[in-house]
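Participant: One file is attached below, my_file-v4.cif, containing mmCIF, C-alpha atoms and all ligand atoms.
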data_target
loop_
_atom_site.label_atom_id
_atom_site.label_comp_id
_atom_site.auth_asym_id
_atom_site.auth_seq_id
_atom_site.Cartn_x
_atom_site.Cartn_y
_atom_site.Cartn_z
CA MET A 279 102.97 -9.62 -102.49
CA LYS A 280 104.71 -12.53 -100.77
CA ASN A 281 107.25 -14.04 -103.18
CA ILE A 282 108.66 -12.47 -106.34
CA LEU A 283 110.43 -14.19 -109.25
CA VAL A 284 112.88 -11.95 -111.12
CA ILE A 285 113.72 -13.25 -114.61
CA GLY A 286 116.86 -11.69 -116.14
CA CYS A 287 118.32 -10.64 -112.76
CA ALA A 288 121.92 -10.38 -114.00
CA GLY A 289 121.45 -7.54 -116.47
CA GLN A 290 121.83 -3.77 -116.16
CA ILE A 291 118.48 -3.24 -114.44
CA GLY A 292 118.09 -6.68 -112.80
CA THR A 293 121.36 -6.39 -110.87
CA GLU A 294 120.03 -3.36 -108.99
CA LEU A 295 116.29 -4.01 -109.05
CA THR A 296 116.73 -7.47 -107.49
CA LEU A 297 118.60 -5.95 -104.53
CA GLU A 298 116.03 -3.18 -104.15
CA LEU A 299 113.16 -5.69 -104.21
CA ARG A 300 114.98 -7.80 -101.59
CA ARG A 301 115.42 -4.69 -99.42
CA ILE A 302 111.65 -4.11 -99.56
CA TYR A 303 110.28 -7.67 -99.53
CA GLY A 304 113.08 -9.59 -97.77
CA ASN A 305 116.04 -11.57 -99.14
CA ASP A 306 114.26 -14.93 -99.02
CA ASN A 307 111.18 -13.62 -100.80
CA VAL A 308 112.83 -12.49 -104.05
CA VAL A 309 114.03 -15.40 -106.20
CA ALA A 310 116.60 -14.23 -108.74
CA THR A 311 116.97 -16.09 -112.06
CA ASP A 312 118.93 -15.63 -115.26
CA LEU A 313 120.29 -17.64 -118.16
CA LYS A 314 123.78 -16.55 -117.17
CA ASP A 315 125.50 -16.52 -113.81
CA ALA A 316 124.51 -13.68 -111.46
CA PRO A 317 126.78 -11.28 -109.56
CA GLU A 318 128.00 -12.58 -106.19
CA VAL A 319 125.98 -9.93 -104.33
CA ILE A 320 122.77 -11.49 -105.70
CA LYS A 321 123.80 -15.11 -105.11
CA ALA A 322 125.15 -14.48 -101.60
CA HIS A 323 121.96 -13.06 -100.07
CA GLY A 324 119.00 -15.00 -101.43
CA HIS A 325 117.85 -17.67 -103.84
CA PHE A 326 119.41 -17.78 -107.30
CA GLU A 327 118.32 -20.28 -109.96
CA THR A 328 119.48 -20.64 -113.54
CA LEU A 329 116.47 -20.17 -115.83
CA ASP A 330 116.13 -19.86 -119.59
CA ILE A 331 112.95 -17.86 -120.14
CA LEU A 332 112.25 -20.19 -123.07
CA ASP A 333 111.96 -23.16 -120.67
CA ARG A 334 108.30 -22.87 -119.65
CA GLU A 335 108.22 -26.00 -117.51
CA LYS A 336 111.23 -24.98 -115.42
CA MET A 337 109.65 -21.55 -114.96
CA ARG A 338 106.44 -23.22 -113.79
CA SER A 339 108.34 -25.47 -111.37
CA LEU A 340 110.10 -22.44 -109.83
CA VAL A 341 106.79 -20.60 -109.47
CA GLN A 342 105.39 -23.64 -107.64
CA LYS A 343 108.55 -24.32 -105.60
CA TYR A 344 108.76 -20.78 -104.23
CA ASN A 345 105.00 -20.06 -104.04
CA ILE A 346 105.49 -17.09 -106.39
CA ASP A 347 102.77 -14.44 -106.61
CA GLY A 348 104.69 -11.72 -108.49
CA ILE A 349 106.94 -11.94 -111.57
CA VAL A 350 109.29 -9.21 -112.82
CA ASN A 351 110.43 -10.11 -116.33
CA LEU A 352 113.67 -8.37 -117.33
CA ALA A 353 115.01 -10.98 -119.76
CA ALA A 354 115.37 -9.47 -123.23
CA ILE A 355 117.60 -8.96 -126.23
CA LEU A 356 118.07 -5.19 -126.60
CA SER A 357 118.00 -3.02 -129.72
CA ALA A 358 121.58 -3.15 -131.03
CA VAL A 359 122.14 -6.87 -130.41
CA GLY A 360 118.60 -7.43 -131.67
CA GLU A 361 119.43 -5.88 -135.04
CA GLU A 362 122.42 -8.23 -135.32
CA HIS A 363 120.32 -11.24 -134.26
CA PRO A 364 116.68 -10.45 -135.09
CA MET A 365 115.40 -14.03 -134.71
CA LEU A 366 117.04 -14.33 -131.28
CA ALA A 367 115.35 -11.05 -130.25
CA TRP A 368 111.97 -12.33 -131.48
CA ASN A 369 112.40 -15.67 -129.75
CA VAL A 370 113.56 -14.41 -126.33
CA ASN A 371 111.37 -11.30 -126.21
CA MET A 372 108.15 -12.84 -127.58
CA ASN A 373 108.23 -16.56 -126.79
CA GLY A 374 109.82 -15.76 -123.43
CA LEU A 375 107.03 -13.30 -122.62
CA ILE A 376 104.35 -15.76 -123.71
CA ASN A 377 105.86 -18.30 -121.29
CA VAL A 378 105.72 -15.74 -118.48
CA LEU A 379 102.10 -14.83 -119.24
CA GLU A 380 100.93 -18.44 -119.63
CA VAL A 381 102.69 -19.63 -116.46
CA ALA A 382 101.30 -16.61 -114.58
CA LYS A 383 97.79 -17.40 -115.85
CA GLU A 384 97.92 -21.11 -115.08
CA GLU A 385 99.63 -20.74 -111.70
CA LYS A 386 97.46 -17.76 -110.70
CA VAL A 387 100.35 -15.34 -110.20
CA GLU A 388 98.87 -12.10 -108.90
CA THR A 389 101.01 -9.47 -110.69
CA VAL A 390 103.45 -9.48 -113.62
CA LEU A 391 105.68 -6.51 -114.49
CA THR A 392 107.35 -6.62 -117.91
CA PRO A 393 108.99 -3.47 -119.27
CA SER A 394 108.52 -1.93 -122.68
CA SER A 395 110.77 0.75 -124.15
CA ILE A 396 110.99 3.99 -126.13
CA ALA A 397 111.89 1.52 -128.91
CA ALA A 398 108.14 0.88 -129.26
CA PHE A 399 108.00 4.22 -131.10
CA GLY A 400 109.16 4.84 -134.66
CA PRO A 401 109.92 7.58 -137.16
CA GLU A 402 106.23 8.38 -137.71
CA THR A 403 105.70 8.97 -133.96
CA PRO A 404 105.79 12.65 -132.88
CA ALA A 405 109.40 13.08 -131.72
CA TYR A 406 108.76 15.78 -129.12
CA ASN A 407 106.49 15.29 -126.11
CA THR A 408 105.53 11.90 -127.53
CA PRO A 409 101.95 11.24 -126.39
CA GLN A 410 100.81 8.19 -124.42
CA GLU A 411 98.48 7.16 -127.25
CA THR A 412 100.35 7.53 -130.52
CA ILE A 413 101.68 5.84 -133.67
CA LEU A 414 103.59 2.63 -132.83
CA LYS A 415 105.45 1.60 -135.99
CA PRO A 416 109.00 0.75 -134.84
CA LYS A 417 111.71 -0.14 -137.35
CA THR A 418 113.77 -2.51 -135.17
CA MET A 419 112.98 -6.12 -134.28
CA TYR A 420 113.44 -5.13 -130.63
CA GLY A 421 110.82 -2.38 -131.03
CA ILE A 422 108.43 -4.75 -132.80
CA THR A 423 108.68 -7.18 -129.87
CA LYS A 424 108.06 -4.33 -127.43
CA VAL A 425 104.86 -3.20 -129.19
CA ALA A 426 103.65 -6.80 -129.45
CA GLY A 427 104.57 -7.32 -125.78
CA GLU A 428 102.49 -4.32 -124.72
CA LEU A 429 99.52 -5.58 -126.74
CA LEU A 430 99.92 -9.09 -125.30
CA GLY A 431 100.06 -7.75 -121.75
CA ASP A 432 96.86 -5.75 -122.27
CA TYR A 433 95.25 -8.79 -123.95
CA TYR A 434 95.86 -10.92 -120.83
CA VAL A 435 94.43 -8.11 -118.69
CA GLN A 436 91.24 -7.92 -120.74
CA LYS A 437 90.73 -11.59 -121.59
CA TYR A 438 91.80 -13.24 -118.33
CA ASN A 439 91.36 -10.37 -115.87
CA MET A 440 95.07 -10.62 -114.97
CA ASP A 441 97.27 -7.87 -113.54
CA ILE A 442 100.01 -7.22 -116.11
CA ARG A 443 102.00 -3.97 -115.85
CA GLY A 444 104.66 -2.36 -118.00
CA LEU A 445 106.51 0.90 -118.63
CA ARG A 446 108.24 2.28 -121.69
CA TYR A 447 111.66 2.83 -120.13
CA PRO A 448 113.87 5.50 -121.67
CA GLY A 449 117.62 4.75 -121.95
CA ILE A 450 118.79 3.78 -118.46
CA ILE A 451 122.08 5.17 -117.13
CA SER A 452 123.81 3.34 -114.26
CA HIS A 453 127.18 2.44 -112.76
CA GLU A 454 126.70 -1.05 -111.27
CA ALA A 455 126.23 -3.43 -114.21
CA LEU A 456 127.08 -2.53 -117.79
CA PRO A 457 124.24 -2.15 -120.29
CA GLY A 458 123.43 -5.22 -122.36
CA GLY A 459 123.73 -4.13 -125.99
CA GLY A 460 121.33 -1.26 -126.59
CA THR A 461 121.48 1.92 -128.65
CA THR A 462 121.54 4.12 -125.56
CA ASP A 463 124.70 2.40 -124.22
CA TYR A 464 126.81 5.42 -125.27
CA ALA A 465 125.32 7.38 -122.36
CA VAL A 466 127.00 4.92 -119.98
CA ALA A 467 130.21 4.15 -121.90
CA ILE A 468 131.06 7.86 -122.06
CA PHE A 469 131.58 7.94 -118.28
CA TYR A 470 133.95 4.97 -118.21
CA ASP A 471 136.05 6.39 -121.05
CA ALA A 472 136.00 9.91 -119.57
CA ILE A 473 137.48 8.57 -116.32
CA LYS A 474 139.90 6.08 -117.89
CA TYR A 475 141.10 7.89 -121.05
CA GLY A 476 139.81 11.47 -120.77
CA LYS A 477 138.15 11.05 -124.18
CA TYR A 478 135.29 9.17 -125.84
CA THR A 479 134.33 8.28 -129.40
CA SER A 480 130.54 8.35 -129.68
CA PHE A 481 128.74 5.94 -132.03
CA VAL A 482 125.94 8.49 -132.49
CA LYS A 483 126.20 12.11 -133.67
CA ALA A 484 126.66 15.13 -131.39
CA ASP A 485 123.09 16.39 -131.85
CA THR A 486 121.44 13.02 -131.17
CA MET A 487 118.89 13.58 -128.41
CA LEU A 488 117.16 10.67 -126.65
CA PRO A 489 115.05 10.29 -123.50
CA MET A 490 117.16 8.97 -120.60
CA MET A 491 116.80 8.17 -116.90
CA TYR A 492 119.21 7.59 -114.03
CA MET A 493 118.96 4.21 -112.31
CA PRO A 494 117.63 5.46 -108.94
CA ASP A 495 114.66 6.97 -110.79
CA CYS A 496 114.25 3.74 -112.81
CA LEU A 497 114.13 1.69 -109.60
CA ASN A 498 111.61 4.07 -108.02
CA ALA A 499 109.37 4.08 -111.09
CA THR A 500 109.44 0.30 -111.39
CA ILE A 501 108.63 -0.31 -107.76
CA GLN A 502 105.98 2.43 -107.66
CA LEU A 503 104.17 0.87 -110.62
CA PHE A 504 104.63 -2.65 -109.21
CA GLN A 505 103.03 -1.57 -105.94
CA ALA A 506 100.33 0.73 -107.32
CA ASP A 507 96.74 -0.12 -106.42
CA LYS A 508 95.30 -1.98 -109.42
CA LYS A 509 92.08 0.00 -109.11
CA VAL A 510 93.83 3.31 -109.95
CA LEU A 511 95.39 2.02 -113.19
CA LYS A 512 93.66 2.98 -116.42
CA HIS A 513 96.65 1.87 -118.51
CA HIS A 514 98.45 -1.40 -117.91
CA SER A 515 101.39 -2.56 -120.06
CA ASP A 516 102.41 0.61 -121.86
CA PHE A 517 103.02 3.56 -119.53
CA ASN A 518 105.13 6.33 -121.08
CA LEU A 519 107.94 7.17 -118.63
CA ALA A 520 110.33 10.11 -118.75
CA ALA A 521 112.99 11.93 -116.78
CA ILE A 522 115.68 13.77 -118.77
CA SER A 523 116.48 14.32 -122.45
CA PHE A 524 119.82 15.62 -123.74
CA THR A 525 122.08 15.50 -126.78
CA VAL A 526 125.44 13.73 -126.66
CA GLU A 527 127.08 17.16 -126.88
CA GLU A 528 125.12 18.38 -123.84
CA LEU A 529 126.15 15.24 -121.95
CA ALA A 530 129.81 15.82 -122.87
CA ASP A 531 129.54 19.46 -121.74
CA ALA A 532 128.10 18.35 -118.39
CA ILE A 533 131.06 15.95 -117.96
CA LYS A 534 133.50 18.74 -118.87
CA LYS A 535 132.29 20.73 -115.86
CA HIS A 536 134.05 18.04 -113.76
CA ILE A 537 136.81 16.97 -116.21
CA PRO A 538 137.67 20.15 -118.20
CA GLU A 539 140.20 18.29 -120.41
CA PHE A 540 137.59 15.71 -121.52
CA GLU A 541 137.37 15.35 -125.31
CA ILE A 542 134.74 13.73 -127.50
CA ASP A 543 134.62 12.81 -131.18
CA TYR A 544 131.94 11.14 -133.27
CA LYS A 545 131.97 8.04 -135.48
CA PRO A 546 128.31 7.16 -136.05
CA ASP A 547 127.58 3.50 -136.88
CA TYR A 548 124.39 1.46 -137.49
CA ARG A 549 123.06 2.51 -134.09
CA GLN A 550 122.61 6.08 -135.40
CA GLN A 551 119.82 4.83 -137.68
CA ILE A 552 118.12 3.20 -134.70
CA ALA A 553 118.46 6.33 -132.54
CA ASP A 554 117.03 8.47 -135.36
CA THR A 555 113.76 6.51 -135.23
CA TRP A 556 113.18 7.12 -131.50
CA PRO A 557 111.58 10.18 -129.83
CA LYS A 558 113.51 13.00 -128.18
CA THR A 559 111.16 13.86 -125.34
CA ILE A 560 108.23 11.94 -123.81
CA ASP A 561 104.90 12.98 -122.30
CA ASP A 562 104.51 10.72 -119.27
CA SER A 563 101.53 12.49 -117.72
CA ALA A 564 99.49 9.24 -117.55
CA ALA A 565 102.13 7.70 -115.24
CA ARG A 566 102.26 10.92 -113.20
CA GLU A 567 98.47 11.08 -112.86
CA GLU A 568 97.65 7.38 -112.37
CA TRP A 569 100.39 6.26 -109.97
CA GLY A 570 102.15 9.45 -108.91
CA TRP A 571 105.38 9.11 -110.92
CA LYS A 572 107.92 11.93 -110.41
CA HIS A 573 111.62 11.82 -111.30
CA GLU A 574 114.37 13.29 -109.14
CA PHE A 575 117.63 13.32 -111.12
CA ASP A 576 118.34 16.05 -113.69
CA LEU A 577 121.32 15.95 -116.06
CA ASP A 578 123.84 17.63 -113.73
CA MET A 579 122.85 15.56 -110.68
CA MET A 580 123.11 12.34 -112.70
CA VAL A 581 126.52 13.27 -114.17
CA GLU A 582 127.99 14.20 -110.78
CA ASP A 583 126.81 10.94 -109.19
CA MET A 584 127.92 8.75 -112.14
CA LEU A 585 131.41 10.27 -112.17
CA LYS A 586 131.74 9.82 -108.41
CA HIS A 587 130.86 6.11 -108.53
CA ILE A 588 132.82 5.27 -111.66
CA LYS A 589 135.91 7.01 -110.27
CA ILE A 590 135.64 4.75 -107.20
CA LYS A 591 135.50 1.67 -109.48
CA PHE A 592 138.50 2.93 -111.44
CA ASP A 593 140.51 3.61 -108.29
CA LYS A 594 139.77 0.05 -107.14
CA GLY A 595 141.13 -1.26 -110.47
CA LEU A 596 137.74 -2.66 -111.52
CA PHE A 597 138.12 -1.51 -115.15
P1 LIG B 601 120.20 -6.46 -120.08
O1 LIG B 601 120.54 -6.87 -121.47
O2 LIG B 601 121.21 -5.72 -119.31
O3 LIG B 601 119.78 -7.73 -119.23
C1 LIG B 601 118.94 -8.71 -119.77
C2 LIG B 601 119.17 -9.99 -118.99
O4 LIG B 601 118.37 -11.00 -119.62
C3 LIG B 601 120.63 -10.47 -119.03
O5 LIG B 601 121.10 -10.72 -117.73
C4 LIG B 601 120.56 -11.75 -119.84
O6 LIG B 601 121.45 -12.76 -119.41
C5 LIG B 601 119.12 -12.18 -119.62
N1 LIG B 601 118.65 -13.07 -120.65
C6 LIG B 601 118.87 -13.01 -121.98
N2 LIG B 601 118.32 -14.07 -122.59
C7 LIG B 601 117.73 -14.81 -121.62
C8 LIG B 601 117.01 -16.01 -121.61
N3 LIG B 601 116.81 -16.72 -122.73
N4 LIG B 601 116.53 -16.47 -120.45
C9 LIG B 601 116.77 -15.81 -119.29
N5 LIG B 601 117.46 -14.66 -119.22
C10 LIG B 601 117.94 -14.17 -120.38
O7 LIG B 601 118.84 -5.64 -120.14
P2 LIG B 601 118.30 -4.54 -119.13
O8 LIG B 601 118.84 -3.25 -119.59
O9 LIG B 601 118.49 -4.96 -117.75
O10 LIG B 601 116.76 -4.54 -119.53
C11 LIG B 601 115.75 -5.12 -118.75
C12 LIG B 601 114.41 -4.83 -119.41
O11 LIG B 601 114.24 -3.43 -119.53
C13 LIG B 601 114.29 -5.38 -120.84
O12 LIG B 601 112.96 -5.75 -121.08
C14 LIG B 601 114.61 -4.18 -121.69
O13 LIG B 601 114.03 -4.27 -122.97
C15 LIG B 601 114.00 -3.07 -120.88
N6 LIG B 601 114.59 -1.75 -121.19
C16 LIG B 601 115.86 -1.47 -120.82
C17 LIG B 601 116.38 -0.22 -121.12
C18 LIG B 601 117.79 0.18 -120.74
O14 LIG B 601 118.24 1.27 -121.14
N7 LIG B 601 118.52 -0.64 -119.97
C19 LIG B 601 115.59 0.72 -121.78
C20 LIG B 601 114.32 0.36 -122.18
C21 LIG B 601 113.81 -0.87 -121.85
N1 LIG B 602 118.30 1.15 -123.88
C1 LIG B 602 117.49 0.35 -124.77
C2 LIG B 602 118.19 0.14 -126.05
O1 LIG B 602 118.92 1.02 -126.44
C3 LIG B 602 116.17 1.04 -125.05
O2 LIG B 602 115.18 0.12 -124.95
O3 LIG B 602 118.00 -0.86 -126.67
#
Mind converting the file's structure to structure tokens?
Facilitator:
Amino acid sequence: MKNILVIGCAGQIGTELTLELRRIYGNDNVVATDLKDAPEVIKAHGHFETLDILDREKMRSLVQKYNIDGIVNLAAILSAVGEEHPMLAWNVNMNGLINVLEVAKEEKVETVLTPSSIAAFGPETPAYNTPQETILKPKTMYGITKVAGELLGDYYVQKYNMDIRGLRYPGIISHEALPGGGTTDYAVAIFYDAIKYGKYTSFVKADTMLPMMYMPDCLNATIQLFQADKKVLKHHSDFNLAAISFTVEELADAIKKHIPEFEIDYKPDYRQQIADTWPKTIDDSAAREEWGWKHEFDLDMMVEDMLKHIKIKFDKGLF
């Protein structure tokens, strides 16, 4: 891989993945793009270009300008915002992906990585140890676009012999950039409120359990799949991926080990219905067998590290 185009670099995952890719491939070889402005740390140490994923010709011109041979597509409308704006979610997630796939095909881009999500699953999917091959009947527009995106990715693999890769991320927990409007955002917001106010009101119930992952594991998984030898991959656009699963109550208890006075209450909103359609634990043995995936962070390790970093931000007056 010589030159990588990151689309959606300014989001929760893009902010950190762009820097990690630059560390591995070199600052000049990772071109960061987003519809919105990017954090200074991304703009200061490499190329940044404004790009709407719906603008296919600009995407093509950037691929040509920078001699791009790898694309990481992170631009998306997530589940909660997607339920408020379903047509926007369809347009960005589907027409945006089609632009990526068509430009990659026509410009002979070697590898495309475009993530899916646990949102690809639905209420008829087995909720525990969700298998790799299973029922995919999501109830959100976001989930529908993720299933269609997986099928599209595999279609381009089979029909055009392209190299399209994707993983079904669980909810991602991180402390650099805030999450962009998903159902799993409570698992990040709880840390900010615990540090700032000593209490948090959860928008999902205490016993809501969802698959989650700490950002360092997310970065490792993404880069491991991106770099995996194509010959070892039996799956392509739809790898199940897992690390930790816990209820909100268990997360609050883990925070209380560090902040004993921390309090939590519960006011479920429309995001509860979304969470109720997603699995609780995931079988990711295909990822483990095909490209050696292994997570590092358990619940207590993640909580300790999150609190440490968010306390530093608070002490600096950043929120
Ligand atoms: P995010 O919402 O934080 O970031 C998405 C980025 O896309 C934003 O910077 C936004 O400005 C950009 N964007 C939106 N519309 C655009 C457009 N028209 N053109 C160009 N850029 C546009 O999302 P994220 O959490 O970083 O997610 C990245 C990918 O990972 C997405 O495909 C998402 O579905 C997937 N994913 C994320 C999670 C999670 O918990 N964060 C879980 C599962 C899957
Ligand atoms: N974190 C994402 C969301 O909640 C899952 O894809 O939308």
Participant: Using all atoms listed in the file, which residues sit within 10 Å of A:Thr461 once same-chain residues fewer than 4 positions away are excluded, as a ChimeraX atom specification?
Facilitator: /A:356-359,397,449,457,465,481-482,488,548-553
Participant: Would you mind telling me which residue in A:Arg300, A:Arg334, A:Lys558, A:Arg443 lies nearest to A:Met487 when using only C-alpha atoms?
Facilitator: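 Closest to A:Met487, using only C-alpha atoms: A:Lys558.
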Participant: All residues within 7 Å of ligand LIG 601 (chain B) are required, counting all atoms listed in the file; please report them as a PDB file with C-alpha atoms, keeping the file's coordinate frame.
Facilitator:
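Below is the file pocket.pdb, written as the result:
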ATOM      1  CA  ILE A 285     113.720 -13.250-114.610  1.00  0.00           C
ATOM      2  CA  GLY A 286     116.860 -11.690-116.140  1.00  0.00           C
ATOM      3  CA  CYS A 287     118.320 -10.640-112.760  1.00  0.00           C
ATOM      4  CA  ALA A 288     121.920 -10.380-114.000  1.00  0.00           C
ATOM      5  CA  GLY A 289     121.450  -7.540-116.470  1.00  0.00           C
ATOM      6  CA  GLN A 290     121.830  -3.770-116.160  1.00  0.00           C
ATOM      7  CA  ILE A 291     118.480  -3.240-114.440  1.00  0.00           C
ATOM      8  CA  GLY A 292     118.090  -6.680-112.800  1.00  0.00           C
ATOM      9  CA  ASP A 312     118.930 -15.630-115.260  1.00  0.00           C
ATOM     10  CA  LEU A 313     120.290 -17.640-118.160  1.00  0.00           C
ATOM     11  CA  LYS A 314     123.780 -16.550-117.170  1.00  0.00           C
ATOM     12  CA  LEU A 329     116.470 -20.170-115.830  1.00  0.00           C
ATOM     13  CA  ASP A 330     116.130 -19.860-119.590  1.00  0.00           C
ATOM     14  CA  ILE A 331     112.950 -17.860-120.140  1.00  0.00           C
ATOM     15  CA  LEU A 332     112.250 -20.190-123.070  1.00  0.00           C
ATOM     16  CA  ASN A 351     110.430 -10.110-116.330  1.00  0.00           C
ATOM     17  CA  LEU A 352     113.670  -8.370-117.330  1.00  0.00           C
ATOM     18  CA  ALA A 353     115.010 -10.980-119.760  1.00  0.00           C
ATOM     19  CA  ALA A 354     115.370  -9.470-123.230  1.00  0.00           C
ATOM     20  CA  ILE A 355     117.600  -8.960-126.230  1.00  0.00           C
ATOM     21  CA  LEU A 356     118.070  -5.190-126.600  1.00  0.00           C
ATOM     22  CA  VAL A 370     113.560 -14.410-126.330  1.00  0.00           C
ATOM     23  CA  THR A 392     107.350  -6.620-117.910  1.00  0.00           C
ATOM     24  CA  PRO A 393     108.990  -3.470-119.270  1.00  0.00           C
ATOM     25  CA  SER A 394     108.520  -1.930-122.680  1.00  0.00           C
ATOM     26  CA  SER A 395     110.770   0.750-124.150  1.00  0.00           C
ATOM     27  CA  ILE A 396     110.990   3.990-126.130  1.00  0.00           C
ATOM     28  CA  ARG A 446     108.240   2.280-121.690  1.00  0.00           C
ATOM     29  CA  TYR A 447     111.660   2.830-120.130  1.00  0.00           C
ATOM     30  CA  PRO A 448     113.870   5.500-121.670  1.00  0.00           C
ATOM     31  CA  GLY A 449     117.620   4.750-121.950  1.00  0.00           C
ATOM     32  CA  ILE A 450     118.790   3.780-118.460  1.00  0.00           C
ATOM     33  CA  ILE A 451     122.080   5.170-117.130  1.00  0.00           C
ATOM     34  CA  LEU A 456     127.080  -2.530-117.790  1.00  0.00           C
ATOM     35  CA  PRO A 457     124.240  -2.150-120.290  1.00  0.00           C
ATOM     36  CA  GLY A 458     123.430  -5.220-122.360  1.00  0.00           C
ATOM     37  CA  GLY A 459     123.730  -4.130-125.990  1.00  0.00           C
ATOM     38  CA  GLY A 460     121.330  -1.260-126.590  1.00  0.00           C
ATOM     39  CA  THR A 462     121.540   4.120-125.560  1.00  0.00           C
TER      40      THR A 462
END
Participant: Let me make sure I understand: among A:Gln410, A:Ser515, A:Asn307, A:Asn377, which one has the smallest atom-to-atom distance to A:Met440 if we use all atoms listed in the file?
Facilitator: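 For A:Met440, the nearest of the given residues is A:Ser515.
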Participant: Report, as AutoDock Vina command-line options, the axis-aligned box around all atoms of stretch 509-528 of chain A present in the file, extended by 3 Å on each side; give centre and edge lengths in Å to one decimal place.
Facilitator:
--center_x 109.6 --center_y 7.9 --center_z -118.0 --size_x 41.0 --size_y 26.9 --size_z 23.8
Participant: Report as a count of residues only all protein, DNA and RNA residues lying within 7 Å of stretch 585-595 of chain A, evaluated on all atoms listed in the file, omitting residues in the same chain fewer than 4 positions from it.
Facilitator: 5
Participant: Which is closest to A:Cys496 among A:Ile413, A:Ala520, A:Met419, A:Leu430, if we use only C-alpha atoms?
Facilitator: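 Of A:Ile413, A:Ala520, A:Met419, A:Leu430, the one nearest A:Cys496 is A:Ala520, counting only C-alpha atoms.
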Participant: Could you tell me how far atom CA of A:Gly427 lies from atom CA of A:His325, in Å and to one decimal?
Facilitator: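 For atom CA of A:Gly427 relative to atom CA of A:His325, the distance reads 27.7 Å.
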Participant: Taking into account all atoms listed in the file, which residue in the set A:Glu380, A:Asp306, A:Glu335, A:Asp463 is nearest to ligand LIG 602 (chain B)?
Facilitator: A:Asp463
Participant: Which residues are close to A:Gly400, i.e. within 9 Å by only C-alpha atoms, leaving aside same-chain residues fewer than 2 positions away? Reply as JSON, numbers by chain.
Facilitator: {"A": [396, 397, 398, 402, 403, 404, 405, 413, 414, 415, 416, 417, 418, 421, 554, 555, 556, 557]}
Participant: Could you save the residues just selected, with C-alpha atoms, as a PDB file, in the frame of the given file?
Facilitator:
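Here's the written file out-v9.pdb:
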ATOM      1  CA  ILE A 396     110.990   3.990-126.130  1.00  0.00           C
ATOM      2  CA  ALA A 397     111.890   1.520-128.910  1.00  0.00           C
ATOM      3  CA  ALA A 398     108.140   0.880-129.260  1.00  0.00           C
ATOM      4  CA  GLU A 402     106.230   8.380-137.710  1.00  0.00           C
ATOM      5  CA  THR A 403     105.700   8.970-133.960  1.00  0.00           C
ATOM      6  CA  PRO A 404     105.790  12.650-132.880  1.00  0.00           C
ATOM      7  CA  ALA A 405     109.400  13.080-131.720  1.00  0.00           C
ATOM      8  CA  ILE A 413     101.680   5.840-133.670  1.00  0.00           C
ATOM      9  CA  LEU A 414     103.590   2.630-132.830  1.00  0.00           C
ATOM     10  CA  LYS A 415     105.450   1.600-135.990  1.00  0.00           C
ATOM     11  CA  PRO A 416     109.000   0.750-134.840  1.00  0.00           C
ATOM     12  CA  LYS A 417     111.710  -0.140-137.350  1.00  0.00           C
ATOM     13  CA  THR A 418     113.770  -2.510-135.170  1.00  0.00           C
ATOM     14  CA  GLY A 421     110.820  -2.380-131.030  1.00  0.00           C
ATOM     15  CA  ASP A 554     117.030   8.470-135.360  1.00  0.00           C
ATOM     16  CA  THR A 555     113.760   6.510-135.230  1.00  0.00           C
ATOM     17  CA  TRP A 556     113.180   7.120-131.500  1.00  0.00           C
ATOM     18  CA  PRO A 557     111.580  10.180-129.830  1.00  0.00           C
TER      19      PRO A 557
END
Participant: Measure the distance from atom CA of A:Ile468 to atom CA of A:Ala530 in Å and round it to one decimal.
Facilitator: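 Between atom CA of A:Ile468 and atom CA of A:Ala530 the gap is 8.1 Å.
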Participant: Which of these, A:Asn281, A:Thr328, A:Thr423, A:Thr389, has the shortest distance to ligand LIG 602 (chain B) once you count all atoms listed in the file?
Facilitator: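 Smallest distance to ligand LIG 602 (chain B) is found for A:Thr423.
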Participant: Could you jot down the atom CA of A:Asp562 to atom CA of A:Val526 separation for me, Å, one decimal place?
Facilitator: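 Taking atom CA of A:Asp562 as the start and atom CA of A:Val526 as the end point, the length is 22.4 Å.
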Participant: Which residues come within 10 Å of A:Gly570, counting all atoms listed in the file, excluding same-chain residues fewer than 4 positions away, as an NGL selection string?
Facilitator: :A and (499 or 502-503 or 506 or 563-566)
